[in-house]
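Enquirer: So that we are looking at the same thing, I have put the structure below in structure tokens.
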Amino acid sequence: MAAGSAGDAREAEAGTGRSTSERTPEGGTVEQAKEACLRLLAVRARSRAELAQRLVAKGFTAEVTDRALDRLADVGLVDDAAFAEQWVHSRHTFSGKGKQALAQELRRKGVAPADAAPALETISSDDEQSRAIELVRRKLRTLPRDLDRDKAIRRLVGMLARRGYSQSTAFTVVKAELAQADWSAELDEANSPD
């Protein structure tokens with residue numbers, strides 16, 4: 001195997017790197033599909049739609065895929081509501097993602113809105129605002145101190161928007177943090193002639 005990341009190696013071990021000639025012959029069995037799912041789930045949690053997509057790509061028929069996923073769902077190994085809850089908690093806590101970005105990520109992973117909504121509701125507006133404050137404070141430490149206030153606002157609001165925070169939350173947090181950091185006073189002192 002060519003040099004790659006540890007994630008690439010785990011994906012290869014999970015059997016996701018098979019070529020078309022290595023696909024399961026004649027649609028495979030439910031047992032083979034379950035084993036393929038278990039290998040994929042050993043790498044990371046996945047939604048039902050992600051697993052179905054991977055099984056179809058491996059050459060399993062739709063009927064075999066559905067039966068295997070139903071059996072795994074019966075024993076609790078495939079549960080989109082639990083997946084959504086875990087995904088939202090992890091991505092909000094460790095990546096600083098806002099509700100909008102998380103909702104979009106869950107849609108891309110094939111999680112139904114009915115399963116995604118309860119997970120997204122676990123993030124209160126206070127949680128989202130405090131996480132946004134942390135992100136802005138961290139970013140403020142790296143911004144040049146002679147940066148124009150309007151440019152600083154645009155950069156910080158843009159950073160929060162890319163992470164899925166609403167405009168109102170972004171502007172509120174950024175303006176409050178710039179005021180607390182006394183950004184305009186420092187700029188005036190830096191730009192004043194001695």
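Following the order of the structure tokens, chains are lettered A, B, ..., residues in each are numbered from 1, and ligands are numbered from 1.
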Could you name the residues that touch A:Arg137 at 10 Å or less, counting only C-alpha atoms, but leaving out those on the same chain fewer than 5 positions away, as a VMD selection string?
Expert: chain A and resid 131 to 132 142 156 173 to 174 177 to 178 181
Enquirer: Put those residues in a file: N, CA and C atoms, as a tab-separated table (two decimals), in the first residue's frame.
Expert:
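File produced: part-v2.tsv:
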```tsv
chain	number	residue	atom	x	y	z
A	131	ARG	N	-19.62	28.57	22.56
A	131	ARG	CA	-18.62	27.94	21.67
A	131	ARG	C	-18.12	28.97	20.66
A	132	ALA	N	-19.00	29.82	20.16
A	132	ALA	CA	-18.61	30.87	19.23
A	132	ALA	C	-17.65	31.85	19.91
A	142	THR	N	-4.56	35.52	17.10
A	142	THR	CA	-3.70	35.37	15.92
A	142	THR	C	-3.87	36.50	14.90
A	156	LEU	N	-13.70	37.54	11.34
A	156	LEU	CA	-14.24	36.75	12.44
A	156	LEU	C	-15.66	36.25	12.15
A	173	VAL	N	-21.55	38.04	18.83
A	173	VAL	CA	-20.37	37.55	19.53
A	173	VAL	C	-19.13	38.35	19.13
A	174	VAL	N	-18.95	38.58	17.84
A	174	VAL	CA	-17.76	39.28	17.36
A	174	VAL	C	-17.71	40.70	17.91
A	177	GLU	N	-16.93	40.64	21.66
A	177	GLU	CA	-15.55	40.25	21.95
A	177	GLU	C	-14.55	41.33	21.53
A	178	LEU	N	-14.81	42.01	20.43
A	178	LEU	CA	-13.93	43.11	20.02
A	178	LEU	C	-14.02	44.26	21.03
A	181	ALA	N	-12.14	43.16	24.11
A	181	ALA	CA	-10.70	43.19	23.87
A	181	ALA	C	-10.21	44.62	23.65
```
Enquirer: DSSP on the backbone, helix (DSSP H, G or I) only: what residues of stretch 29-119 of chain A does that give? Format it as an MDAnalysis selection string.
Expert: chainID A and resid 30:43 48:57 62:74 80:95 99:108 113:119
Enquirer: Contacts of stretch 101-105 of chain A at 12 Å or less, counting only C-alpha atoms, minus same-chain residues fewer than 5 places along, as a VMD selection string?
Expert: chain A and resid 47 84 to 93 95 to 96 110 to 123 128 160 to 166
Enquirer: Please identify every residue of stretch 72-103 of chain A that has at least one atom no farther than 12 Å from an atom of stretch 28-34 of chain A, counting only C-alpha atoms, and for each give the shortest atom pair and the distance in Å to one decimal, arranged by chain then increasing number, as a tab-separated table.
Expert:
```
residue	atom	partner	partner_atom	distance
A:Leu72	CA	A:Lys34	CA	7.3
A:Ala73	CA	A:Lys34	CA	10.8
A:Val75	CA	A:Lys34	CA	11.9
A:Leu77	CA	A:Lys34	CA	10.4
A:Val78	CA	A:Lys34	CA	10.9
```
Enquirer: Which value, in Å to one decimal, gives the distance between atom CA of A:Gln180 and atom CA of A:Asp127?
Expert: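 Distance between the two atoms: 19.7 Å.
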